[in-house]
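Just model_2.txt here, compact mmCIF, C-alpha atoms and all ligand atoms:
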# COMPACT_ATOMS: atom_id res chain seq x y z
CA MET J 119 -9.91 -3.51 -30.06
CA VAL J 120 -9.95 -3.02 -26.28
CA ASP J 121 -11.43 -0.04 -24.47
CA ALA J 122 -8.58 0.47 -21.98
CA SER J 123 -5.07 -0.81 -21.38
CA PRO J 124 -4.15 0.10 -17.80
CA ASP J 125 -0.87 -1.04 -16.29
CA VAL J 126 -2.79 -2.94 -13.62
CA LEU J 127 -6.41 -4.07 -13.66
CA ILE J 128 -7.76 -5.09 -10.26
CA VAL J 129 -10.97 -7.07 -9.93
CA GLY J 130 -12.75 -6.50 -6.61
CA LEU J 131 -12.60 -3.57 -4.19
CA GLY J 132 -12.76 -5.43 -0.89
CA PRO J 133 -9.80 -5.04 1.47
CA ALA J 134 -7.41 -6.96 -0.81
CA GLY J 135 -8.35 -5.08 -3.98
CA SER J 136 -8.34 -1.63 -2.43
CA ARG J 137 -4.97 -2.20 -0.85
CA ALA J 138 -3.56 -3.54 -4.11
CA ALA J 139 -4.96 -0.52 -5.97
CA ALA J 140 -3.50 1.93 -3.45
CA ALA J 141 -0.07 0.28 -3.42
CA ALA J 142 0.26 -0.04 -7.21
CA SER J 143 -0.97 3.54 -7.77
CA ALA J 144 1.35 4.93 -5.11
CA ALA J 145 4.24 3.23 -6.91
CA GLY J 146 3.34 5.02 -10.14
CA ALA J 147 1.26 2.43 -12.02
CA ARG J 148 -1.89 3.38 -13.96
CA VAL J 149 -4.55 1.39 -12.14
CA VAL J 150 -8.17 0.60 -12.94
CA ALA J 151 -10.19 -1.33 -10.33
CA LEU J 152 -13.58 -2.89 -11.03
CA GLU J 153 -16.11 -3.61 -8.27
CA ARG J 154 -19.41 -5.31 -9.05
CA ARG J 155 -21.24 -3.72 -6.12
CA SER J 156 -22.46 -0.15 -6.29
CA GLU J 157 -20.10 0.67 -3.40
CA SER J 158 -17.49 -1.22 -1.41
CA GLY J 159 -18.53 -3.10 1.70
CA ARG J 160 -22.30 -3.15 1.23
CA PRO J 161 -23.95 -5.48 2.07
CA VAL J 162 -21.69 -6.54 4.95
CA GLN J 163 -20.88 -10.26 4.99
CA CYS J 164 -18.64 -10.41 8.02
CA ALA J 165 -18.47 -10.92 11.80
CA GLU J 166 -16.25 -7.77 11.87
CA PHE J 167 -13.47 -8.74 14.27
CA VAL J 168 -9.90 -7.74 13.48
CA PRO J 169 -6.80 -8.39 15.60
CA ALA J 170 -5.08 -5.44 17.29
CA LEU J 171 -2.04 -6.00 15.06
CA LEU J 172 -4.00 -4.57 12.11
CA ASP J 173 -3.43 -1.11 13.62
CA GLN J 174 0.13 -1.36 12.31
CA GLU J 175 -1.10 -1.83 8.72
CA VAL J 176 -4.15 0.43 8.50
CA ALA J 177 -3.93 3.98 9.80
CA GLY J 178 -7.14 5.45 11.18
CA LEU J 179 -8.72 2.16 12.24
CA ALA J 180 -10.18 3.93 15.27
CA SER J 181 -12.49 5.89 12.96
CA VAL J 182 -14.26 2.68 11.85
CA THR J 183 -14.18 0.89 15.22
CA ALA J 184 -17.44 -0.04 16.96
CA GLN J 185 -15.78 -1.25 20.16
CA ALA J 186 -12.60 -2.77 21.58
CA VAL J 187 -12.24 -6.47 22.34
CA ASN J 188 -9.91 -7.63 25.12
CA ARG J 189 -10.62 -11.33 25.68
CA MET J 190 -11.92 -14.48 24.07
CA LEU J 191 -14.37 -16.82 25.79
CA THR J 192 -14.68 -20.35 24.40
CA PHE J 193 -17.78 -22.38 25.22
CA VAL J 194 -17.32 -26.09 24.52
CA ALA J 195 -20.71 -27.85 24.30
CA ALA J 196 -22.47 -27.17 27.65
CA ASP J 197 -19.24 -26.57 29.66
CA ALA J 198 -18.57 -23.28 31.44
CA ALA J 199 -16.55 -20.80 29.38
CA ASP J 200 -12.77 -21.08 29.10
CA GLU J 201 -11.23 -17.62 29.18
CA THR J 202 -8.33 -16.41 27.05
CA PRO J 203 -7.58 -13.21 28.98
CA ARG J 204 -5.41 -11.54 26.34
CA PHE J 205 -7.01 -11.52 22.91
CA PRO J 206 -6.92 -7.87 21.87
CA GLY J 207 -8.69 -6.60 18.79
CA ARG J 208 -11.38 -4.37 17.42
CA MET J 209 -14.93 -4.83 16.29
CA ILE J 210 -15.10 -2.68 13.18
CA ASP J 211 -17.90 -1.35 11.03
CA ARG J 212 -16.90 -3.50 8.08
CA GLY J 213 -18.78 -1.43 5.51
CA ALA J 214 -17.06 1.76 6.66
CA PHE J 215 -13.70 -0.08 6.78
CA ASP J 216 -14.00 -1.26 3.17
CA ARG J 217 -15.05 2.22 2.02
CA LEU J 218 -12.11 3.78 3.91
CA LEU J 219 -9.68 1.52 2.04
CA ALA J 220 -11.40 2.14 -1.30
CA ARG J 221 -11.20 5.90 -0.72
CA ARG J 222 -7.46 5.58 -0.06
CA ALA J 223 -7.04 3.72 -3.33
CA GLU J 224 -8.73 6.59 -5.18
CA GLU J 225 -6.66 9.16 -3.30
CA ALA J 226 -3.53 7.29 -4.42
CA GLY J 227 -4.69 7.71 -8.03
CA ALA J 228 -6.55 4.48 -8.85
CA GLU J 229 -9.60 4.74 -11.10
CA CYS J 230 -12.29 2.81 -9.22
CA ARG J 231 -15.38 1.80 -11.19
CA TYR J 232 -18.45 0.54 -9.32
CA GLY J 233 -21.30 -1.57 -10.62
CA ALA J 234 -18.64 -3.09 -12.88
CA SER J 235 -18.48 -6.86 -12.93
CA ILE J 236 -16.11 -8.91 -15.03
CA SER J 237 -17.80 -11.54 -17.14
CA GLY J 238 -14.85 -13.35 -18.69
CA ILE J 239 -11.15 -13.46 -19.48
CA GLU J 240 -10.06 -14.53 -22.95
CA ALA J 241 -7.02 -16.64 -23.79
CA ASP J 242 -5.07 -13.60 -25.00
CA GLY J 243 -5.60 -11.83 -21.64
CA THR J 244 -8.48 -9.58 -22.70
CA VAL J 245 -10.76 -9.03 -19.70
CA ARG J 246 -14.41 -8.47 -20.51
CA ALA J 247 -16.76 -6.55 -18.24
CA ALA J 248 -20.48 -7.29 -18.07
CA ASP J 249 -21.30 -3.88 -19.59
CA GLY J 250 -19.41 -4.82 -22.76
CA THR J 251 -16.19 -2.87 -22.10
CA SER J 252 -12.91 -4.71 -22.42
CA PHE J 253 -9.45 -4.28 -20.95
CA ARG J 254 -5.99 -5.52 -21.82
CA PRO J 255 -3.92 -4.75 -18.72
CA ARG J 256 -0.21 -5.44 -18.39
CA VAL J 257 -0.90 -7.16 -15.03
CA LEU J 258 -4.21 -8.52 -13.72
CA ILE J 259 -4.88 -8.83 -9.97
CA GLY J 260 -7.74 -11.04 -8.81
CA ALA J 261 -9.04 -9.72 -5.48
CA ASP J 262 -12.57 -10.87 -6.14
CA GLY J 263 -13.18 -12.94 -3.06
CA PRO J 264 -13.82 -16.59 -2.25
CA ARG J 265 -15.53 -17.41 -5.58
CA SER J 266 -12.95 -15.57 -7.66
CA ARG J 267 -13.60 -15.46 -11.40
CA VAL J 268 -10.01 -14.45 -11.99
CA GLY J 269 -8.87 -17.44 -9.95
CA ALA J 270 -11.17 -19.76 -11.92
CA ALA J 271 -9.65 -18.47 -15.18
CA VAL J 272 -6.24 -19.73 -14.01
CA ALA J 273 -7.62 -22.92 -12.39
CA ARG J 274 -7.17 -21.66 -8.82
CA VAL J 275 -10.43 -22.45 -7.08
CA ASN J 276 -11.29 -22.50 -3.37
CA ARG J 277 -12.76 -26.02 -3.36
CA ALA J 278 -13.16 -26.35 0.41
CA VAL J 279 -15.40 -23.75 2.03
CA VAL J 280 -17.47 -23.27 5.16
CA GLU J 281 -20.99 -21.93 4.69
CA THR J 282 -22.17 -19.28 7.14
CA ARG J 283 -25.27 -17.55 8.45
CA GLN J 284 -25.25 -14.51 10.73
CA VAL J 285 -27.76 -12.13 12.31
CA THR J 286 -27.35 -9.04 14.46
CA VAL J 287 -29.03 -9.30 17.87
CA PRO J 288 -29.55 -6.86 20.77
CA LEU J 289 -26.89 -7.28 23.46
CA LEU J 290 -28.44 -6.89 26.89
CA ARG J 291 -25.25 -6.04 28.77
CA PRO J 292 -21.88 -4.68 27.66
CA HIS J 293 -19.35 -7.34 26.68
CA ASP J 294 -15.63 -7.10 25.90
CA ALA J 295 -14.92 -10.60 24.58
CA THR J 296 -15.40 -12.53 21.36
CA ASP J 297 -17.45 -15.59 22.33
CA ILE J 298 -16.78 -18.82 20.45
CA PHE J 299 -19.07 -21.84 20.63
CA LEU J 300 -17.68 -25.28 19.78
CA HIS J 301 -20.06 -28.20 19.42
CA ALA J 302 -20.07 -31.53 17.59
CA ASP J 303 -23.23 -30.34 15.80
CA TYR J 304 -21.26 -27.48 14.20
CA VAL J 305 -19.58 -29.82 11.70
CA GLY J 306 -16.34 -28.34 10.39
CA GLY J 307 -17.04 -24.92 11.90
CA TYR J 308 -18.13 -23.03 14.99
CA ALA J 309 -20.57 -20.39 16.18
CA TRP J 310 -19.79 -16.89 17.44
CA LEU J 311 -21.19 -13.94 19.35
CA PHE J 312 -19.12 -10.80 18.70
CA PRO J 313 -20.14 -7.63 20.57
CA LYS J 314 -20.68 -4.26 18.89
CA GLY J 315 -21.78 -1.96 21.70
CA PRO J 316 -25.56 -2.37 22.07
CA THR J 317 -25.73 -5.17 19.48
CA ALA J 318 -23.73 -8.27 18.60
CA ASN J 319 -23.10 -10.41 15.54
CA LEU J 320 -24.40 -13.92 16.18
CA GLY J 321 -23.33 -16.40 13.54
CA ILE J 322 -22.40 -19.93 12.65
CA GLY J 323 -20.32 -21.66 10.02
CA VAL J 324 -20.46 -25.31 9.00
CA ALA J 325 -19.18 -27.55 6.22
CA PRO J 326 -21.42 -27.48 3.09
CA GLU J 327 -22.82 -30.99 3.82
CA ALA J 328 -24.40 -29.57 7.00
CA ARG J 329 -25.68 -26.38 5.32
CA ALA J 330 -29.35 -27.31 5.96
CA LEU J 331 -28.65 -27.12 9.70
CA LEU J 332 -27.41 -23.53 9.67
CA THR J 333 -30.82 -21.97 10.35
CA PRO J 334 -31.99 -24.36 13.12
CA LEU J 335 -28.59 -24.37 14.84
CA LEU J 336 -28.40 -20.58 14.82
CA ALA J 337 -31.97 -20.37 16.17
CA ARG J 338 -31.08 -22.88 18.91
CA LEU J 339 -28.04 -20.87 20.00
CA HIS J 340 -30.05 -17.65 19.89
CA ARG J 341 -32.68 -19.23 22.19
CA ARG J 342 -29.95 -20.38 24.58
CA LEU J 343 -28.46 -16.88 24.82
CA ILE J 344 -31.93 -15.34 25.28
CA GLY J 345 -32.50 -17.86 28.09
CA GLU J 346 -29.22 -16.83 29.71
CA GLY J 347 -30.38 -13.20 29.60
CA ARG J 348 -27.46 -12.16 27.38
CA VAL J 349 -29.22 -11.15 24.17
CA GLY J 350 -32.68 -9.98 23.10
CA VAL J 351 -35.14 -11.72 20.82
CA GLY J 352 -34.83 -9.47 17.77
CA ALA J 353 -32.66 -10.48 14.83
CA SER J 354 -31.74 -8.24 11.89
CA CYS J 355 -29.12 -7.88 9.17
CA LEU J 356 -29.25 -11.51 8.04
CA THR J 357 -26.07 -12.26 6.11
CA GLY J 358 -23.66 -15.07 5.28
CA GLY J 359 -21.41 -16.32 2.54
CA PRO J 360 -18.66 -18.85 1.92
CA ILE J 361 -15.33 -18.82 3.74
CA PRO J 362 -12.41 -20.65 2.07
CA VAL J 363 -10.95 -23.32 4.37
CA GLY J 364 -8.72 -25.29 2.01
CA GLY J 365 -5.52 -23.31 2.44
CA ARG J 366 -3.40 -21.18 0.17
CA LEU J 367 -3.68 -21.40 -3.60
CA ALA J 368 -0.73 -20.62 -5.87
CA ALA J 369 -1.09 -16.87 -6.24
CA ARG J 370 0.87 -16.31 -9.47
CA ALA J 371 -0.16 -17.39 -12.95
CA ALA J 372 -0.39 -16.04 -16.50
CA ILE J 373 -2.98 -15.79 -19.25
CA GLY J 374 -1.76 -15.18 -22.79
CA GLY J 375 1.54 -13.82 -21.47
CA MET J 376 -0.20 -11.45 -19.04
CA PRO J 377 0.87 -11.99 -15.41
CA VAL J 378 -1.99 -12.69 -13.00
CA LEU J 379 -1.74 -12.35 -9.22
CA LEU J 380 -4.35 -13.42 -6.67
CA ALA J 381 -4.82 -11.79 -3.26
CA GLY J 382 -7.00 -12.20 -0.17
CA ASP J 383 -9.77 -14.80 -0.25
CA ALA J 384 -9.13 -15.33 -3.97
CA ALA J 385 -5.73 -16.73 -2.93
CA GLY J 386 -7.25 -18.91 -0.18
CA LEU J 387 -5.62 -16.96 2.66
CA THR J 388 -8.40 -17.22 5.26
CA ASN J 389 -7.54 -19.29 8.30
CA PRO J 390 -9.25 -22.71 7.87
CA VAL J 391 -10.06 -22.91 11.61
CA THR J 392 -11.00 -19.34 12.58
CA GLY J 393 -12.21 -18.13 9.18
CA ALA J 394 -10.35 -14.86 9.74
CA GLY J 395 -9.26 -13.29 6.48
CA ILE J 396 -9.41 -9.50 6.74
CA ALA J 397 -5.82 -9.03 7.92
CA ALA J 398 -4.54 -11.49 5.30
CA ALA J 399 -6.48 -9.64 2.59
CA VAL J 400 -5.06 -6.29 3.71
CA LEU J 401 -1.49 -7.60 3.75
CA SER J 402 -1.59 -9.68 0.59
CA GLY J 403 -3.38 -6.93 -1.34
CA LYS J 404 -0.67 -4.43 -0.54
CA LEU J 405 2.06 -6.93 -1.47
CA ALA J 406 0.32 -7.81 -4.76
CA GLY J 407 0.03 -4.14 -5.73
CA GLU J 408 3.69 -3.52 -4.89
CA ALA J 409 4.78 -6.63 -6.79
CA ALA J 410 2.80 -5.62 -9.90
CA ALA J 411 4.29 -2.12 -9.85
CA GLY J 412 7.77 -3.53 -9.19
CA TRP J 413 7.54 -5.86 -12.18
CA LEU J 414 6.25 -3.05 -14.40
CA SER J 415 9.18 -0.88 -13.41
CA GLY J 416 11.69 -3.52 -14.44
CA ARG J 417 12.15 -5.85 -11.46
CA PRO J 418 11.70 -9.26 -13.13
CA GLY J 419 11.70 -11.16 -9.80
CA ALA J 420 8.94 -9.07 -8.23
CA LEU J 421 6.07 -11.44 -9.07
CA GLU J 422 7.94 -14.52 -7.88
CA GLY J 423 8.85 -12.57 -4.76
CA TYR J 424 5.16 -12.00 -4.08
CA GLU J 425 4.45 -15.73 -4.02
CA GLU J 426 7.44 -16.31 -1.75
CA GLU J 427 6.36 -13.59 0.65
CA LEU J 428 2.88 -15.10 0.91
CA GLY J 429 4.46 -18.45 1.74
CA ASP J 430 6.68 -16.91 4.41
CA LEU J 431 3.81 -14.98 5.96
CA PHE J 432 1.00 -17.51 5.90
CA ASP J 433 2.05 -21.10 5.21
CA ASP J 434 2.92 -22.22 8.75
CA ALA J 435 -0.30 -20.88 10.25
CA LEU J 436 -2.44 -22.22 7.40
CA ALA J 437 -0.81 -25.66 7.53
CA ARG J 438 -1.40 -25.94 11.28
CA ALA J 439 -5.03 -24.88 10.94
CA LEU J 440 -5.57 -27.38 8.12
CA ARG J 441 -4.12 -30.21 10.23
CA ARG J 442 -6.32 -29.32 13.20
CA ARG J 443 -9.45 -29.01 11.09
CA ARG J 444 -8.80 -32.34 9.39
CA ALA J 445 -8.26 -34.02 12.76
CA VAL J 446 -11.58 -32.84 14.13
CA LEU J 447 -13.42 -33.72 10.89
CA ALA J 448 -11.93 -37.23 11.05
CA CYS J 449 -13.85 -37.77 14.32
CA TYR J 450 -17.10 -37.89 12.33
CA GLY J 451 -15.91 -41.00 10.43
CA GLY J 452 -18.04 -44.14 10.95
CA GLY J 453 -20.89 -42.14 12.46
CA GLY J 454 -18.77 -40.79 15.33
CA ALA J 455 -18.47 -37.22 16.59
CA PRO J 456 -15.71 -35.19 18.28
CA GLY J 457 -15.79 -35.05 22.06
CA ALA J 458 -14.81 -32.01 24.12
CA ALA J 459 -11.08 -32.85 24.03
CA ALA J 460 -11.02 -33.12 20.24
CA LEU J 461 -12.96 -29.87 19.88
CA ARG J 462 -10.53 -28.05 22.19
CA ALA J 463 -7.48 -29.46 20.37
CA ALA J 464 -8.79 -27.84 17.17
CA TRP J 465 -9.30 -24.33 18.54
CA ILE J 466 -6.72 -21.54 18.89
CA ALA J 467 -7.54 -20.80 22.55
CA TYR J 468 -5.96 -24.06 23.75
CA PRO J 469 -2.29 -25.08 24.08
CA GLN J 470 -3.09 -28.41 22.35
CA TYR J 471 -3.80 -26.44 19.17
CA TRP J 472 -0.32 -24.91 19.26
CA ALA J 473 1.52 -28.13 20.21
CA ALA J 474 3.75 -29.69 17.55
C1 LIG J 501 -20.04 -14.51 7.65
C2 LIG J 501 -18.58 -14.18 7.58
C3 LIG J 501 -17.95 -13.69 8.71
C4 LIG J 501 -16.58 -13.34 8.65
N1 LIG J 501 -16.01 -12.79 9.77
C5 LIG J 501 -14.72 -12.41 9.74
C6 LIG J 501 -14.14 -11.75 10.86
O1 LIG J 501 -14.78 -11.49 11.88
N2 LIG J 501 -12.82 -11.42 10.79
C7 LIG J 501 -12.06 -11.70 9.68
O2 LIG J 501 -10.86 -11.40 9.68
N3 LIG J 501 -12.60 -12.30 8.59
C8 LIG J 501 -13.91 -12.64 8.58
N4 LIG J 501 -14.48 -13.21 7.47
C9 LIG J 501 -13.65 -13.39 6.27
C10 LIG J 501 -13.43 -12.04 5.57
O3 LIG J 501 -14.67 -11.41 5.37
C11 LIG J 501 -12.72 -12.24 4.24
O4 LIG J 501 -11.56 -13.01 4.45
C12 LIG J 501 -12.34 -10.89 3.58
O5 LIG J 501 -13.49 -10.20 3.20
C13 LIG J 501 -11.47 -11.13 2.35
O6 LIG J 501 -11.26 -9.90 1.68
P1 LIG J 501 -11.07 -9.89 0.09
O7 LIG J 501 -10.81 -8.49 -0.29
O8 LIG J 501 -10.12 -10.95 -0.30
O9 LIG J 501 -12.48 -10.38 -0.49
P2 LIG J 501 -13.91 -9.72 -0.36
O10 LIG J 501 -14.03 -8.93 0.87
O11 LIG J 501 -14.89 -10.82 -0.61
O12 LIG J 501 -13.96 -8.69 -1.57
C14 LIG J 501 -14.08 -9.14 -2.91
C15 LIG J 501 -14.76 -8.07 -3.71
O13 LIG J 501 -14.77 -8.48 -5.08
C16 LIG J 501 -16.03 -8.15 -5.64
N5 LIG J 501 -16.26 -9.05 -6.78
C17 LIG J 501 -16.50 -10.38 -6.75
N6 LIG J 501 -16.65 -10.86 -7.99
C18 LIG J 501 -16.49 -9.81 -8.84
C19 LIG J 501 -16.54 -9.68 -10.25
N7 LIG J 501 -16.79 -10.73 -11.07
N8 LIG J 501 -16.33 -8.45 -10.80
C20 LIG J 501 -16.10 -7.37 -10.00
N9 LIG J 501 -16.05 -7.45 -8.64
C21 LIG J 501 -16.24 -8.65 -8.07
C22 LIG J 501 -17.01 -8.37 -4.49
O14 LIG J 501 -18.21 -7.65 -4.69
C23 LIG J 501 -16.20 -7.85 -3.30
O15 LIG J 501 -16.43 -6.49 -3.04
C24 LIG J 501 -15.83 -13.55 7.46
C25 LIG J 501 -16.47 -14.05 6.33
C26 LIG J 501 -17.84 -14.37 6.38
C27 LIG J 501 -18.51 -14.90 5.14

Full structure transcribed into structure tokens:
Amino acid sequence: MVDASPDVLIVGLGPAGSRAAAAASAAGARVVALERRSESGRPVQCAEFVPALLDQEVAGLASVTAQAVNRMLTFVAADAADETPRFPGRMIDRGAFDRLLARRAEEAGAECRYGASISGIEADGTVRAADGTSFRPRVLIGADGPRSRVGAAVARVNRAVVETRQVTVPLLRPHDATDIFLHADYVGGYAWLFPKGPTANLGIGVAPEARALLTPLLARLHRRLIGEGRVGVGASCLTGGPIPVGGRLAARAAIGGMPVLLAGDAAGLTNPVTGAGIAAAVLSGKLAGEAAAGWLSGRPGALEGYEEELGDLFDDALARALRRRRAVLACYGGGGAPGAAALRAAWIAYPQYWAA
């Protein structure tokens, strides 16, 4: 006996899950979405930058925007900043953004349940929630983030991750750029200062082996920026979390004859160099919801089409980022470390990154 048999069960109401729920509902499917938090987007675990292109996908982005970003400044070790003059985007209020998308899913007809965590998936496709309820959907969508339980049930696991730590600091003068800090000490990652009006998100990501250095390295960068008169001493809103950096996982599987699709971080769509994954979650979530509804309405190729579309959209960029990240990590072999040229070659601001 199962408690509910929706057409589509979605696990996770982050950007990928909400977009999947909205798309599948809008196409006529009966959708239930489960979110383990008591509301979407809280606590925030994000630096909150999205590229300007996201405007084309998400209407009303202005209503959750903290400020515009025009440029990127890249600081390599102690060198003066290199400017990328055109790097348009928005700093969003990520909590409000996630809730906006979740609200749209409900408006499209999805039943969104909060405080509802899945605890297991059985071999016949029965999905068990932690509160004891069970579901047997016709299609299951895993949009449950970097440590996806749905992904684990079909052996799709983000094995390579970057660990992060971020605080919010007072910004002493207005800033219109995302600042990126590259340093050999930031093994397999980088640090950032992203402005949000009177405050900024100051964070760092490193490979798990260097996790113990996250706190001292972030404190060191904070001291440097205080010394430069750019930020104040206070630090609040401590956050962090893993970012997948291993590239795309196969996003289509089955359990007991039930099709399973993965979207967003659960499908490994974050960029392994920049860690950006919001836009990919938004896009892949919508495509997963459409594919599930298409398959349910008798288009047998819809699920396969989803996997192909993900490949077309993301594989080139992910493959390039993986190559660049591996090249810079190789510099640490034999006790070495990347110099400024190697660090620049592995960052998107430089032509070397985009060379063949
Ligand atoms: C510190 C940090 C900074 C970042 N900065 C940026 C940035 O500036 N720009 C950018 O583009 N990307 C950034 N990212 C990456 C970005 O946050 C992710 O790529 C994005 O959130 C992926 O969306 P998603 O919907 O796939 O997953 P998530 O946003 O992780 O949503 C997954 C949801 O599933 C829920 N869930 C998990 N397990 C279960 C379960 N068992 N049952 C029910 N629900 C469950 C979670 O509570 C969550 O709400 C950052 C990540 C980190 C950690």

Distance query range 299-303 of chain J at most 7 Å, only C-alpha atoms, self and fewer than 6 positions along chain excluded, as a short mmCIF file (atom, residue, chain, number, x, y, z; two decimals) with C-alpha atoms, in the coordinates of the input:
data_model
loop_
_atom_site.label_atom_id
_atom_site.label_comp_id
_atom_site.auth_asym_id
_atom_site.auth_seq_id
_atom_site.Cartn_x
_atom_site.Cartn_y
_atom_site.Cartn_z
CA THR J 192 -14.68 -20.35 24.40
CA PHE J 193 -17.78 -22.38 25.22
CA VAL J 194 -17.32 -26.09 24.52
CA ALA J 195 -20.71 -27.85 24.30
CA ALA J 309 -20.57 -20.39 16.18
CA TRP J 310 -19.79 -16.89 17.44
CA ALA J 455 -18.47 -37.22 16.59
CA PRO J 456 -15.71 -35.19 18.28
CA LEU J 461 -12.96 -29.87 19.88
#

Subject >> Spatial neighbours of Ala261 in chain J, max dist 8 Å, all atoms listed in the file, sep filter under 4 positions, as a ChimeraX atom specification >> reply: /J:128-132,134-135,266,380-384,403

Set the distance at 6 Å and use all atoms listed in the file: which residues neighbour Arg246 in chain J once local chain neighbours fewer than 4 positions away are removed? I'd like the list as a PDB file with C-alpha atoms, in the frame of the given file.
ATOM      1  CA  ILE J 236     -16.110  -8.910 -15.030  1.00  0.00           C
ATOM      2  CA  SER J 237     -17.800 -11.540 -17.140  1.00  0.00           C
ATOM      3  CA  GLY J 238     -14.850 -13.350 -18.690  1.00  0.00           C
ATOM      4  CA  SER J 252     -12.910  -4.710 -22.420  1.00  0.00           C
TER       5      SER J 252
END

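Straight-line separation from CA of Ala177 in chain J to atom C5 of ligand LIG 501 (chain J): 19.6 Å.
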
Subject >> Closest of J:Asp197, J:Glu240, J:Asp294, J:Glu427 to Val272 in chain J - atom-to-atom distances counting all atoms listed in the file >> reply: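 That would be J:Glu240, the residue with the smallest distance to Val272 in chain J.
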
**OP:** Name all residues at most 6 Å from range 348-365 of chain J (count only C-alpha atoms; drop same-chain ones fewer than 5 positions away) and give them as a PyMOL selection string.
**Re:** chain J and resi 163+276+278-290+343+386+390+436

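Among the candidate residues J:Arg160, J:Arg217, J:Arg204, J:Arg417, the one lying nearest to Val182 in chain J is J:Arg217, with distances computed using all atoms listed in the file.
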
**OP:** Point out the residue among J:Phe167, J:Ala139, J:Ala270, J:Phe205 with the least atom-to-atom distance to Arg231 in chain J, counting all atoms listed in the file.
**Re:**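 Among J:Phe167, J:Ala139, J:Ala270, J:Phe205, it is J:Ala139 that comes nearest to Arg231 in chain J.
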
**OP:** Mind giving me the straight-line distance from CA of Ile259 in chain J to CA of Val120 in chain J in Å, one decimal?
**Re:** 18.0 Å

Original post:
Closest to Ala385 in chain J among J:Tyr471, J:Val268, J:Ala328, J:Leu311, using only C-alpha atoms?
Top reply: J:Val268

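Among the candidates J:Met119, J:Ala435, J:Leu179, J:Leu172, the one nearest to ligand LIG 501 (chain J) when counting all atoms listed in the file is J:Leu172.
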
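Of the listed residues (J:Arg338, J:Lys314, J:Arg148, J:Arg265), J:Arg265 comes nearest to ligand LIG 501 (chain J); the distances count all atoms listed in the file.
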
Subject >> Point-to-point distance from CA of Ser158 in chain J to CA of Ser415 in chain J, Å rounded to tenths >> reply: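 Computing it gives 29.2 Å between the two atoms.
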
**OP:** Find the residues with any atom within 12 Å of (-9.0, -22.2, 24.1); use all atoms listed in the file and the coordinates as given in the file, and write the answer as a PyMOL selection string.
**Re:** chain J and resi 189-194+199-205+296-300+458-472

Could you turn the residues from that selection into a file that holds C-alpha atoms, as a tab-separated table (two decimals), in the coordinates of the input?
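Writing done, so here's again32.tsv:
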chain	number	residue	atom	x	y	z
J	189	ARG	CA	-10.62	-11.33	25.68
J	190	MET	CA	-11.92	-14.48	24.07
J	191	LEU	CA	-14.37	-16.82	25.79
J	192	THR	CA	-14.68	-20.35	24.40
J	193	PHE	CA	-17.78	-22.38	25.22
J	194	VAL	CA	-17.32	-26.09	24.52
J	199	ALA	CA	-16.55	-20.80	29.38
J	200	ASP	CA	-12.77	-21.08	29.10
J	201	GLU	CA	-11.23	-17.62	29.18
J	202	THR	CA	-8.33	-16.41	27.05
J	203	PRO	CA	-7.58	-13.21	28.98
J	204	ARG	CA	-5.41	-11.54	26.34
J	205	PHE	CA	-7.01	-11.52	22.91
J	296	THR	CA	-15.40	-12.53	21.36
J	297	ASP	CA	-17.45	-15.59	22.33
J	298	ILE	CA	-16.78	-18.82	20.45
J	299	PHE	CA	-19.07	-21.84	20.63
J	300	LEU	CA	-17.68	-25.28	19.78
J	458	ALA	CA	-14.81	-32.01	24.12
J	459	ALA	CA	-11.08	-32.85	24.03
J	460	ALA	CA	-11.02	-33.12	20.24
J	461	LEU	CA	-12.96	-29.87	19.88
J	462	ARG	CA	-10.53	-28.05	22.19
J	463	ALA	CA	-7.48	-29.46	20.37
J	464	ALA	CA	-8.79	-27.84	17.17
J	465	TRP	CA	-9.30	-24.33	18.54
J	466	ILE	CA	-6.72	-21.54	18.89
J	467	ALA	CA	-7.54	-20.80	22.55
J	468	TYR	CA	-5.96	-24.06	23.75
J	469	PRO	CA	-2.29	-25.08	24.08
J	470	GLN	CA	-3.09	-28.41	22.35
J	471	TYR	CA	-3.80	-26.44	19.17
J	472	TRP	CA	-0.32	-24.91	19.26

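A distance cut-off of 8 Å around (-12.8, 3.8, -9.1), counting all atoms listed in the file, selects these protein and nucleic acid residues: Val150, Ala151, Leu152, Glu224, Ala228, Glu229, Cys230, Arg231 and Tyr232 of chain J.
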
Subject >> Residues near Leu379 in chain J, cut-off 8 Å, only C-alpha atoms, skip fewer than 4 positions along chain, as a list of chain:residue names >> reply: J:Val257, J:Leu258, J:Ile259, J:Gly260, J:Ala369, J:Arg370, J:Ala371, J:Ala406, J:Leu421

Complete the atom set of range 242-246 of chain J to N, CA and C atoms and return it as a PDB file, in the frame of the given file.
ATOM      1  N   ASP J 242      -6.149 -14.556 -24.724  1.00  0.00           N
ATOM      2  CA  ASP J 242      -5.070 -13.600 -25.000  1.00  0.00           C
ATOM      3  C   ASP J 242      -4.913 -12.583 -23.857  1.00  0.00           C
ATOM      4  N   GLY J 243      -5.707 -12.737 -22.783  1.00  0.00           N
ATOM      5  CA  GLY J 243      -5.600 -11.830 -21.640  1.00  0.00           C
ATOM      6  C   GLY J 243      -6.586 -10.681 -21.660  1.00  0.00           C
ATOM      7  N   THR J 244      -7.462 -10.636 -22.670  1.00  0.00           N
ATOM      8  CA  THR J 244      -8.480  -9.580 -22.700  1.00  0.00           C
ATOM      9  C   THR J 244      -9.530  -9.873 -21.620  1.00  0.00           C
ATOM     10  N   VAL J 245      -9.779  -8.868 -20.785  1.00  0.00           N
ATOM     11  CA  VAL J 245     -10.760  -9.030 -19.700  1.00  0.00           C
ATOM     12  C   VAL J 245     -12.030  -8.323 -20.115  1.00  0.00           C
ATOM     13  N   ARG J 246     -13.136  -9.057 -20.089  1.00  0.00           N
ATOM     14  CA  ARG J 246     -14.410  -8.470 -20.510  1.00  0.00           C
ATOM     15  C   ARG J 246     -15.271  -8.157 -19.297  1.00  0.00           C
TER      16      ARG J 246
END
